[in-house]
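Report on the structure given below.
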Amino acid sequence: MQALLMFLVVNGFILVLCSLIAISSYFLKQSGRVLLFINENEAGEADCGMTLFEVLAQKDVYLPAACGGKGTCGRCLVKCRQGGGPLTPMERILLDEASLAGGFRLACQIKVREDLKVELPPELLTAKKFAVRLEKAEFAGEGIRVLQFYILNNQLIEFKSGQYVQVYRQLPHERIVRAYSISSDAKARNNFSLDIQYVAGGLMSTWLHQIEPGTELEISGPYGDMALEDESENSPVILVAGGVGLAPMRSLIAELSGRQSPPPVWLFWGTRHRARFYAEDELIKLTQENSGWFHFFPALSGDLIEEGWTGDRGFIHLSLQKHLPEMPTARAFICGPGPMMKAVTLVLEQKGLSPQRIKADPFDF
Ligand SMILES: Cc1cc2nc3c(=O)[nH]c(=O)nc-3n(C[C@H](O)[C@H](O)[C@H](O)COP(=O)(O)OP(=O)(O)OC[C@H]3O[C@@H](n4cnc5c(N)ncnc54)[C@H](O)[C@@H]3O)c2cc1C
Ligand code: FES
């Protein structure tokens, strides 16, 4: 009996010791190299101590990251099959139960400490880094600058209208990155445009409002699933934009207007004041020129008295409520600030659209 007790004590002690060694080696492993697998394929070694987000960038896999890796935007999603370590508090806040149950993690929150197996959607593996040069810049509307970039080094970008890129800026002590929707026609492969709203005190937007033509910078992309998926589908398209949320809509409209027989398009565009509208001429021209497929409803939500204004007053979801017929077969794309998106989604659902027919890109920061 005494021998059995001794046996159990010794073995228990060994078990506890082994567990402690395993746990501490996991948490203390800050140096050395581990193996990374992406979609079952070995993607080479990675340095311990870096974040998975940084490791993937080293391997030319550029994840979407509106917050630049700070753990606040929830966009750098990866499915982690092995080796992600414990969830961080930010992941518990940003990821919903379904994402957590599906094994999703935020790459910027995972510290690499052991071999990792991750799964990424194939389209993310095609996002690339590009060196670009600012060719042309013009102010359009209050606080909006439209920038046209040329892609250097004979690279070509293939994007779908509605998608966005990430722009990088090197500051003395950090490199920041922000997302911007492409506003130009997706047919062009060596150039593209971005519409930038000036944000007082903003690190990226104020800089993009200052840079001169000839300035070279780095971007990555394309990203986002706010795109027309099936070219053969001809069901009505509802576009709803808040302010500079018009940017991806301009790209979508360019694509749709280029079709031989475009589907009916309903554009709802809201800003606070009339001076904030830009590119209005191209939209009005479309309503005048086209044979009834393009319907345009601008709305102003500010309290300024605007001479001669004949459009709607109030928030843009009220314009949808007023003008949009029941349209269960339509597809909808929404872009702008978060609260607007929620109100608009609700109205679209009341008009018969299922959530699967609604795509949205919140311009959150
Ligand atoms: C998918 C996606 C697409 C986007 N597309 C566009 C686009 O086409 N055009 C565009 O102009 N922006 C777009 N944005 C927003 C853009 O990524 C930046 O968030 C924005 O330019 C502000 O960045 P910043 O570095 O200038 O400001 P930051 O330095 O990040 O912010 C400085 C301060 O201003 C506040 N702030 C930031 N933005 C705003 C704002 N808009 N209004 C009020 N306060 C703000 C912040 O909370 C912070 O306190 C997009 C965002 C996403 C996620
Ligand atoms: S990059 Fe924004 S949460 Fe990871």
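Chain lettering (A, B, ...) mirrors the order of the structure tokens, residue numbering begins at 1 for each chain separately, and ligand numbering begins at 1 in order of display.
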
**Q.** Expected answer as a list in words: residues within 7 Å of ligand 1, only C-alpha atoms and all ligand atoms
**A.** Ala66, Tyr164, Arg178, Ala179, Tyr180, Ser181, Ile182, Leu194, Asp195, Ile196, Gln197, Tyr198, Val199, Ala200, Gly201, Gly202, Leu203, Met204, Ser205, Thr206, Val244, Gly245, Ala247, Pro248, Asp361, Pro362, Phe363, Asp364 and Phe365 of chain A

Filtering to C-alpha atoms, could you give me those residues as a PDB file, in the first residue's frame?
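Okay, part-v6.pdb is ready:
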ATOM      1  CA  ALA A  66      -8.302  49.366 -40.886  1.00  0.00           C
ATOM      2  CA  TYR A 164     -10.760  49.034 -51.139  1.00  0.00           C
ATOM      3  CA  ARG A 178      -5.697  53.118 -43.362  1.00  0.00           C
ATOM      4  CA  ALA A 179      -8.352  51.712 -45.694  1.00  0.00           C
ATOM      5  CA  TYR A 180      -9.693  53.699 -48.686  1.00  0.00           C
ATOM      6  CA  SER A 181     -12.280  52.587 -51.226  1.00  0.00           C
ATOM      7  CA  ILE A 182     -11.345  52.744 -54.887  1.00  0.00           C
ATOM      8  CA  LEU A 194      -9.309  57.482 -54.077  1.00  0.00           C
ATOM      9  CA  ASP A 195     -11.688  60.098 -52.646  1.00  0.00           C
ATOM     10  CA  ILE A 196     -10.335  61.332 -49.327  1.00  0.00           C
ATOM     11  CA  GLN A 197     -12.375  63.136 -46.676  1.00  0.00           C
ATOM     12  CA  TYR A 198     -10.279  65.506 -44.536  1.00  0.00           C
ATOM     13  CA  VAL A 199     -10.445  64.489 -40.862  1.00  0.00           C
ATOM     14  CA  ALA A 200      -9.136  67.215 -38.539  1.00  0.00           C
ATOM     15  CA  GLY A 201      -6.147  65.807 -36.656  1.00  0.00           C
ATOM     16  CA  GLY A 202      -6.228  62.590 -38.692  1.00  0.00           C
ATOM     17  CA  LEU A 203      -2.776  61.182 -39.341  1.00  0.00           C
ATOM     18  CA  MET A 204      -3.453  59.800 -42.807  1.00  0.00           C
ATOM     19  CA  SER A 205      -6.207  61.953 -44.287  1.00  0.00           C
ATOM     20  CA  THR A 206      -4.493  65.289 -43.510  1.00  0.00           C
ATOM     21  CA  VAL A 244     -17.416  60.090 -48.856  1.00  0.00           C
ATOM     22  CA  GLY A 245     -19.064  56.641 -48.780  1.00  0.00           C
ATOM     23  CA  ALA A 247     -16.331  56.510 -53.346  1.00  0.00           C
ATOM     24  CA  PRO A 248     -17.020  52.759 -53.908  1.00  0.00           C
ATOM     25  CA  ASP A 361     -18.564  48.575 -45.632  1.00  0.00           C
ATOM     26  CA  PRO A 362     -18.638  50.687 -42.495  1.00  0.00           C
ATOM     27  CA  PHE A 363     -16.069  53.493 -42.691  1.00  0.00           C
ATOM     28  CA  ASP A 364     -15.219  52.946 -39.051  1.00  0.00           C
ATOM     29  CA  PHE A 365     -11.955  53.891 -37.465  1.00  0.00           C
TER      30      PHE A 365
END

Q: Grab me every residue within 8 Å of ligand 2, counting only C-alpha atoms and all ligand atoms, and send it over as an NGL selection string.
A: :A and (53 or 63-77 or 106-109)

Q. CA of Leu239 (chain A) and CA of Val265 (chain A) are how many Å apart?
A. 7.4 Å

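Of the residues listed (A:Asn153, A:Gln321, A:Gln148, A:Thr88), A:Gln148 shows the shortest atom-to-atom separation from Leu208 (chain A); distances use only C-alpha atoms.
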
(Q) Using DSSP assignments from the backbone, pull out every residue in region 23-179 of chain A that falls under helix (DSSP H, G or I) and give it to me as an NGL selection string. (A) :A and (23-28 or 52-58 or 89-94 or 97-101 or 107-109 or 122-125)

File dump, residues just selected, N, CA and C atoms, as a PDB file, in the first residue's frame:
ATOM      1  N   ILE A  23       3.645  24.482 -20.072  1.00  0.00           N
ATOM      2  CA  ILE A  23       2.968  25.794 -20.029  1.00  0.00           C
ATOM      3  C   ILE A  23       3.994  26.925 -20.084  1.00  0.00           C
ATOM      4  N   SER A  24       5.063  26.795 -19.262  1.00  0.00           N
ATOM      5  CA  SER A  24       6.014  27.905 -19.231  1.00  0.00           C
ATOM      6  C   SER A  24       6.763  28.012 -20.541  1.00  0.00           C
ATOM      7  N   SER A  25       7.055  26.845 -21.185  1.00  0.00           N
ATOM      8  CA  SER A  25       7.775  26.955 -22.467  1.00  0.00           C
ATOM      9  C   SER A  25       6.886  27.610 -23.508  1.00  0.00           C
ATOM     10  N   TYR A  26       5.555  27.385 -23.387  1.00  0.00           N
ATOM     11  CA  TYR A  26       4.649  28.053 -24.339  1.00  0.00           C
ATOM     12  C   TYR A  26       4.691  29.570 -24.124  1.00  0.00           C
ATOM     13  N   PHE A  27       4.561  29.966 -22.839  1.00  0.00           N
ATOM     14  CA  PHE A  27       4.483  31.398 -22.582  1.00  0.00           C
ATOM     15  C   PHE A  27       5.839  32.098 -22.670  1.00  0.00           C
ATOM     16  N   LEU A  28       6.901  31.358 -22.405  1.00  0.00           N
ATOM     17  CA  LEU A  28       8.204  32.017 -22.387  1.00  0.00           C
ATOM     18  C   LEU A  28       8.913  31.957 -23.721  1.00  0.00           C
ATOM     19  N   LEU A  52       1.177  37.275 -35.645  1.00  0.00           N
ATOM     20  CA  LEU A  52       0.879  36.537 -36.879  1.00  0.00           C
ATOM     21  C   LEU A  52       0.650  37.518 -38.032  1.00  0.00           C
ATOM     22  N   PHE A  53       0.063  38.661 -37.711  1.00  0.00           N
ATOM     23  CA  PHE A  53      -0.173  39.714 -38.700  1.00  0.00           C
ATOM     24  C   PHE A  53       1.151  40.146 -39.342  1.00  0.00           C
ATOM     25  N   GLU A  54       2.178  40.344 -38.506  1.00  0.00           N
ATOM     26  CA  GLU A  54       3.490  40.775 -39.012  1.00  0.00           C
ATOM     27  C   GLU A  54       4.156  39.651 -39.798  1.00  0.00           C
ATOM     28  N   VAL A  55       4.017  38.434 -39.281  1.00  0.00           N
ATOM     29  CA  VAL A  55       4.636  37.290 -39.959  1.00  0.00           C
ATOM     30  C   VAL A  55       4.038  37.111 -41.353  1.00  0.00           C
ATOM     31  N   LEU A  56       2.705  37.231 -41.439  1.00  0.00           N
ATOM     32  CA  LEU A  56       2.049  37.059 -42.744  1.00  0.00           C
ATOM     33  C   LEU A  56       2.512  38.143 -43.713  1.00  0.00           C
ATOM     34  N   ALA A  57       2.660  39.378 -43.212  1.00  0.00           N
ATOM     35  CA  ALA A  57       3.119  40.474 -44.089  1.00  0.00           C
ATOM     36  C   ALA A  57       4.525  40.182 -44.603  1.00  0.00           C
ATOM     37  N   GLN A  58       5.375  39.579 -43.723  1.00  0.00           N
ATOM     38  CA  GLN A  58       6.733  39.210 -44.164  1.00  0.00           C
ATOM     39  C   GLN A  58       6.678  38.203 -45.298  1.00  0.00           C
ATOM     40  N   PRO A  89      -8.210  39.661 -24.618  1.00  0.00           N
ATOM     41  CA  PRO A  89      -9.453  40.371 -24.266  1.00  0.00           C
ATOM     42  C   PRO A  89     -10.070  41.079 -25.471  1.00  0.00           C
ATOM     43  N   MET A  90      -9.234  41.669 -26.365  1.00  0.00           N
ATOM     44  CA  MET A  90      -9.781  42.370 -27.534  1.00  0.00           C
ATOM     45  C   MET A  90     -10.529  41.407 -28.448  1.00  0.00           C
ATOM     46  N   GLU A  91     -10.003  40.197 -28.587  1.00  0.00           N
ATOM     47  CA  GLU A  91     -10.700  39.214 -29.440  1.00  0.00           C
ATOM     48  C   GLU A  91     -12.053  38.860 -28.835  1.00  0.00           C
ATOM     49  N   ARG A  92     -12.093  38.761 -27.498  1.00  0.00           N
ATOM     50  CA  ARG A  92     -13.374  38.423 -26.846  1.00  0.00           C
ATOM     51  C   ARG A  92     -14.396  39.533 -27.070  1.00  0.00           C
ATOM     52  N   ILE A  93     -13.903  40.767 -27.193  1.00  0.00           N
ATOM     53  CA  ILE A  93     -14.827  41.890 -27.420  1.00  0.00           C
ATOM     54  C   ILE A  93     -15.251  41.939 -28.890  1.00  0.00           C
ATOM     55  N   LEU A  94     -14.287  41.779 -29.810  1.00  0.00           N
ATOM     56  CA  LEU A  94     -14.573  42.037 -31.228  1.00  0.00           C
ATOM     57  C   LEU A  94     -15.185  40.856 -31.984  1.00  0.00           C
ATOM     58  N   GLU A  97     -19.894  35.172 -31.158  1.00  0.00           N
ATOM     59  CA  GLU A  97     -19.837  33.754 -30.760  1.00  0.00           C
ATOM     60  C   GLU A  97     -19.634  32.827 -31.940  1.00  0.00           C
ATOM     61  N   ALA A  98     -20.306  33.158 -33.078  1.00  0.00           N
ATOM     62  CA  ALA A  98     -20.199  32.294 -34.257  1.00  0.00           C
ATOM     63  C   ALA A  98     -18.755  32.285 -34.771  1.00  0.00           C
ATOM     64  N   SER A  99     -18.108  33.454 -34.774  1.00  0.00           N
ATOM     65  CA  SER A  99     -16.719  33.525 -35.257  1.00  0.00           C
ATOM     66  C   SER A  99     -15.807  32.724 -34.335  1.00  0.00           C
ATOM     67  N   LEU A 100     -16.018  32.886 -33.026  1.00  0.00           N
ATOM     68  CA  LEU A 100     -15.168  32.156 -32.080  1.00  0.00           C
ATOM     69  C   LEU A 100     -15.371  30.655 -32.237  1.00  0.00           C
ATOM     70  N   ALA A 101     -16.651  30.258 -32.384  1.00  0.00           N
ATOM     71  CA  ALA A 101     -16.938  28.824 -32.540  1.00  0.00           C
ATOM     72  C   ALA A 101     -16.332  28.302 -33.840  1.00  0.00           C
ATOM     73  N   ALA A 107      -5.436  38.194 -36.408  1.00  0.00           N
ATOM     74  CA  ALA A 107      -4.013  37.906 -36.621  1.00  0.00           C
ATOM     75  C   ALA A 107      -3.110  38.854 -35.843  1.00  0.00           C
ATOM     76  N   CYS A 108      -3.572  40.104 -35.643  1.00  0.00           N
ATOM     77  CA  CYS A 108      -2.701  41.059 -34.939  1.00  0.00           C
ATOM     78  C   CYS A 108      -2.653  40.775 -33.444  1.00  0.00           C
ATOM     79  N   GLN A 109      -3.522  39.877 -32.956  1.00  0.00           N
ATOM     80  CA  GLN A 109      -3.566  39.559 -31.521  1.00  0.00           C
ATOM     81  C   GLN A 109      -2.828  38.263 -31.195  1.00  0.00           C
ATOM     82  N   PRO A 122      -8.904  32.310 -50.294  1.00  0.00           N
ATOM     83  CA  PRO A 122      -7.935  32.426 -51.396  1.00  0.00           C
ATOM     84  C   PRO A 122      -7.791  33.851 -51.920  1.00  0.00           C
ATOM     85  N   GLU A 123      -8.909  34.653 -51.899  1.00  0.00           N
ATOM     86  CA  GLU A 123      -8.794  36.003 -52.464  1.00  0.00           C
ATOM     87  C   GLU A 123      -7.848  36.894 -51.649  1.00  0.00           C
ATOM     88  N   LEU A 124      -7.666  36.540 -50.355  1.00  0.00           N
ATOM     89  CA  LEU A 124      -6.736  37.346 -49.556  1.00  0.00           C
ATOM     90  C   LEU A 124      -5.291  37.090 -49.960  1.00  0.00           C
ATOM     91  N   LEU A 125      -5.053  35.889 -50.461  1.00  0.00           N
ATOM     92  CA  LEU A 125      -3.690  35.558 -50.855  1.00  0.00           C
ATOM     93  C   LEU A 125      -3.294  36.307 -52.129  1.00  0.00           C
TER      94      LEU A 125
END

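Backbone DSSP over region 15-117 of chain A gives strand (DSSP E or B) for Arg33, Val34, Leu35, Leu36, Phe37, Ile38, Asn41, Glu42, Ala43, Gly44, Glu45, Ala46, Asp47, Thr51, Leu77, Val78, Lys79, Cys80, Arg81, Gln82, Phe104, Arg105, Leu106, Lys111, Leu116 and Lys117 of chain A.
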
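Near Phe296 (chain A), within 8 Å and counting only C-alpha atoms, sit Trp266, Leu267, Phe268, Trp269, Leu283, Ile284 and Thr287 of chain A; same-chain residues fewer than 4 positions away were not included.
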
Please save C-alpha atoms of the selected residues as a PDB file, in the first residue's frame.
ATOM      1  CA  TRP A 266     -31.100  53.451 -57.205  1.00  0.00           C
ATOM      2  CA  LEU A 267     -28.501  55.737 -55.615  1.00  0.00           C
ATOM      3  CA  PHE A 268     -29.280  57.351 -52.251  1.00  0.00           C
ATOM      4  CA  TRP A 269     -26.593  59.777 -51.083  1.00  0.00           C
ATOM      5  CA  LEU A 283     -24.390  61.712 -61.327  1.00  0.00           C
ATOM      6  CA  ILE A 284     -26.785  64.355 -62.626  1.00  0.00           C
ATOM      7  CA  THR A 287     -29.823  60.758 -64.637  1.00  0.00           C
TER       8      THR A 287
END

Q.
List the spatial neighbours of Ile305 (chain A) as a PyMOL selection string - criterion: any atom at most 12 Å away, only C-alpha atoms, same-chain residues fewer than 6 positions off excluded.
A. chain A and resi 272-275+313

Q: Could you tell me which of A:Glu45, A:Thr271, A:Ile176, A:Pro264 comes closest to Leu304 (chain A) if we count only C-alpha atoms?
A: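 The answer is A:Thr271, which sits nearest to Leu304 (chain A).
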
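Taking CA of Gly311 (chain A) as the reference point, CA of His323 (chain A) is found at 11.7 Å.
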
**Q.** Selected residue of minimal separation from Tyr168 (chain A) among A:Glu212, A:Glu142, A:Tyr62, A:Glu233, counting only C-alpha atoms
**A.**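 Comparing A:Glu212, A:Glu142, A:Tyr62, A:Glu233 against Tyr168 (chain A), the winner is A:Tyr62.
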
Per residue of region 211-258 of chain A within 10 Å of region 328-335 of chain A, record the nearest atom pair and its distance in Å to one decimal, counting only C-alpha atoms, with rows in chain order and ascending residue number, as CSV.
residue,atom,partner,partner_atom,distance
A:Met226,CA,A:Phe333,CA,6.9
A:Ala227,CA,A:Phe333,CA,8.4
A:Leu228,CA,A:Arg331,CA,8.9
A:Glu233,CA,A:Arg331,CA,9.9
A:Asn234,CA,A:Ala330,CA,9.1
A:Ser235,CA,A:Ala330,CA,5.5
A:Pro236,CA,A:Ala330,CA,4.7
A:Val237,CA,A:Arg331,CA,5.0
A:Ile238,CA,A:Ala332,CA,4.5
A:Leu239,CA,A:Phe333,CA,5.0
A:Val240,CA,A:Ile334,CA,4.7
A:Ala241,CA,A:Cys335,CA,5.0
A:Gly242,CA,A:Cys335,CA,6.4
A:Gly243,CA,A:Cys335,CA,8.9
A:Val244,CA,A:Cys335,CA,8.5
A:Gly245,CA,A:Cys335,CA,4.8
A:Leu246,CA,A:Cys335,CA,7.3
A:Ala247,CA,A:Cys335,CA,8.7
A:Pro248,CA,A:Cys335,CA,7.8
A:Met249,CA,A:Phe333,CA,8.1
A:Leu252,CA,A:Phe333,CA,9.5

Go ahead and write the selection's residues with N, CA and C atoms as a PDB file, in the first residue's frame.
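Dumped everything to out23.pdb:
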ATOM      1  N   MET A 226     -17.511  43.912 -50.922  1.00  0.00           N
ATOM      2  CA  MET A 226     -18.638  44.734 -51.350  1.00  0.00           C
ATOM      3  C   MET A 226     -18.587  44.893 -52.876  1.00  0.00           C
ATOM      4  N   ALA A 227     -18.730  43.795 -53.577  1.00  0.00           N
ATOM      5  CA  ALA A 227     -18.564  43.833 -55.034  1.00  0.00           C
ATOM      6  C   ALA A 227     -19.724  43.110 -55.704  1.00  0.00           C
ATOM      7  N   LEU A 228     -19.928  43.426 -56.994  1.00  0.00           N
ATOM      8  CA  LEU A 228     -20.966  42.742 -57.772  1.00  0.00           C
ATOM      9  C   LEU A 228     -20.417  41.368 -58.121  1.00  0.00           C
ATOM     10  N   GLU A 233     -26.139  38.551 -63.355  1.00  0.00           N
ATOM     11  CA  GLU A 233     -27.349  38.900 -62.604  1.00  0.00           C
ATOM     12  C   GLU A 233     -27.797  40.318 -62.952  1.00  0.00           C
ATOM     13  N   ASN A 234     -29.065  40.467 -63.286  1.00  0.00           N
ATOM     14  CA  ASN A 234     -29.536  41.780 -63.714  1.00  0.00           C
ATOM     15  C   ASN A 234     -30.605  42.360 -62.788  1.00  0.00           C
ATOM     16  N   SER A 235     -30.627  41.890 -61.540  1.00  0.00           N
ATOM     17  CA  SER A 235     -31.633  42.395 -60.599  1.00  0.00           C
ATOM     18  C   SER A 235     -31.273  43.832 -60.196  1.00  0.00           C
ATOM     19  N   PRO A 236     -32.260  44.621 -59.740  1.00  0.00           N
ATOM     20  CA  PRO A 236     -31.990  46.019 -59.385  1.00  0.00           C
ATOM     21  C   PRO A 236     -30.891  46.147 -58.328  1.00  0.00           C
ATOM     22  N   VAL A 237     -30.164  47.269 -58.414  1.00  0.00           N
ATOM     23  CA  VAL A 237     -29.065  47.511 -57.473  1.00  0.00           C
ATOM     24  C   VAL A 237     -29.390  48.778 -56.685  1.00  0.00           C
ATOM     25  N   ILE A 238     -29.340  48.666 -55.355  1.00  0.00           N
ATOM     26  CA  ILE A 238     -29.585  49.831 -54.499  1.00  0.00           C
ATOM     27  C   ILE A 238     -28.247  50.230 -53.874  1.00  0.00           C
ATOM     28  N   LEU A 239     -27.857  51.482 -54.086  1.00  0.00           N
ATOM     29  CA  LEU A 239     -26.598  51.979 -53.526  1.00  0.00           C
ATOM     30  C   LEU A 239     -26.932  53.061 -52.502  1.00  0.00           C
ATOM     31  N   VAL A 240     -26.386  52.925 -51.292  1.00  0.00           N
ATOM     32  CA  VAL A 240     -26.671  53.932 -50.264  1.00  0.00           C
ATOM     33  C   VAL A 240     -25.340  54.419 -49.691  1.00  0.00           C
ATOM     34  N   ALA A 241     -25.099  55.742 -49.817  1.00  0.00           N
ATOM     35  CA  ALA A 241     -23.814  56.293 -49.375  1.00  0.00           C
ATOM     36  C   ALA A 241     -24.016  57.426 -48.398  1.00  0.00           C
ATOM     37  N   GLY A 242     -23.127  57.475 -47.413  1.00  0.00           N
ATOM     38  CA  GLY A 242     -23.079  58.614 -46.498  1.00  0.00           C
ATOM     39  C   GLY A 242     -21.770  59.338 -46.753  1.00  0.00           C
ATOM     40  N   GLY A 243     -21.839  60.617 -47.133  1.00  0.00           N
ATOM     41  CA  GLY A 243     -20.634  61.422 -47.367  1.00  0.00           C
ATOM     42  C   GLY A 243     -19.703  60.800 -48.375  1.00  0.00           C
ATOM     43  N   VAL A 244     -18.437  60.631 -47.945  1.00  0.00           N
ATOM     44  CA  VAL A 244     -17.416  60.090 -48.856  1.00  0.00           C
ATOM     45  C   VAL A 244     -17.625  58.585 -49.114  1.00  0.00           C
ATOM     46  N   GLY A 245     -18.647  58.019 -48.472  1.00  0.00           N
ATOM     47  CA  GLY A 245     -19.064  56.641 -48.780  1.00  0.00           C
ATOM     48  C   GLY A 245     -19.498  56.514 -50.230  1.00  0.00           C
ATOM     49  N   LEU A 246     -19.553  57.642 -50.935  1.00  0.00           N
ATOM     50  CA  LEU A 246     -19.863  57.606 -52.368  1.00  0.00           C
ATOM     51  C   LEU A 246     -18.725  56.948 -53.159  1.00  0.00           C
ATOM     52  N   ALA A 247     -17.505  56.979 -52.588  1.00  0.00           N
ATOM     53  CA  ALA A 247     -16.331  56.510 -53.346  1.00  0.00           C
ATOM     54  C   ALA A 247     -16.541  55.132 -54.001  1.00  0.00           C
ATOM     55  N   PRO A 248     -16.860  54.069 -53.243  1.00  0.00           N
ATOM     56  CA  PRO A 248     -17.020  52.759 -53.908  1.00  0.00           C
ATOM     57  C   PRO A 248     -18.228  52.739 -54.833  1.00  0.00           C
ATOM     58  N   MET A 249     -19.236  53.582 -54.528  1.00  0.00           N
ATOM     59  CA  MET A 249     -20.427  53.629 -55.385  1.00  0.00           C
ATOM     60  C   MET A 249     -20.070  54.163 -56.765  1.00  0.00           C
ATOM     61  N   LEU A 252     -18.742  51.290 -58.620  1.00  0.00           N
ATOM     62  CA  LEU A 252     -19.827  50.364 -58.994  1.00  0.00           C
ATOM     63  C   LEU A 252     -20.667  50.951 -60.137  1.00  0.00           C
TER      64      LEU A 252
END

Q | Selection: 12 Å around region 115-120 of chain A, only C-alpha atoms, excl. self and same-chain fewer than 6 positions, as a PyMOL selection string | A | chain A and resi 26+29+32-48+51-53+55-56+61-64+76-85+102-107+126-127

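Among the candidates A:Gly162, A:Pro222, A:Gly141, A:Gly49, the one nearest to Arg113 (chain A) when counting only C-alpha atoms is A:Gly49.
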
Q. Which distance in Å separates CA of Glu135 (chain A) and CA of Asp281 (chain A), to one decimal?
A. 22.3 Å
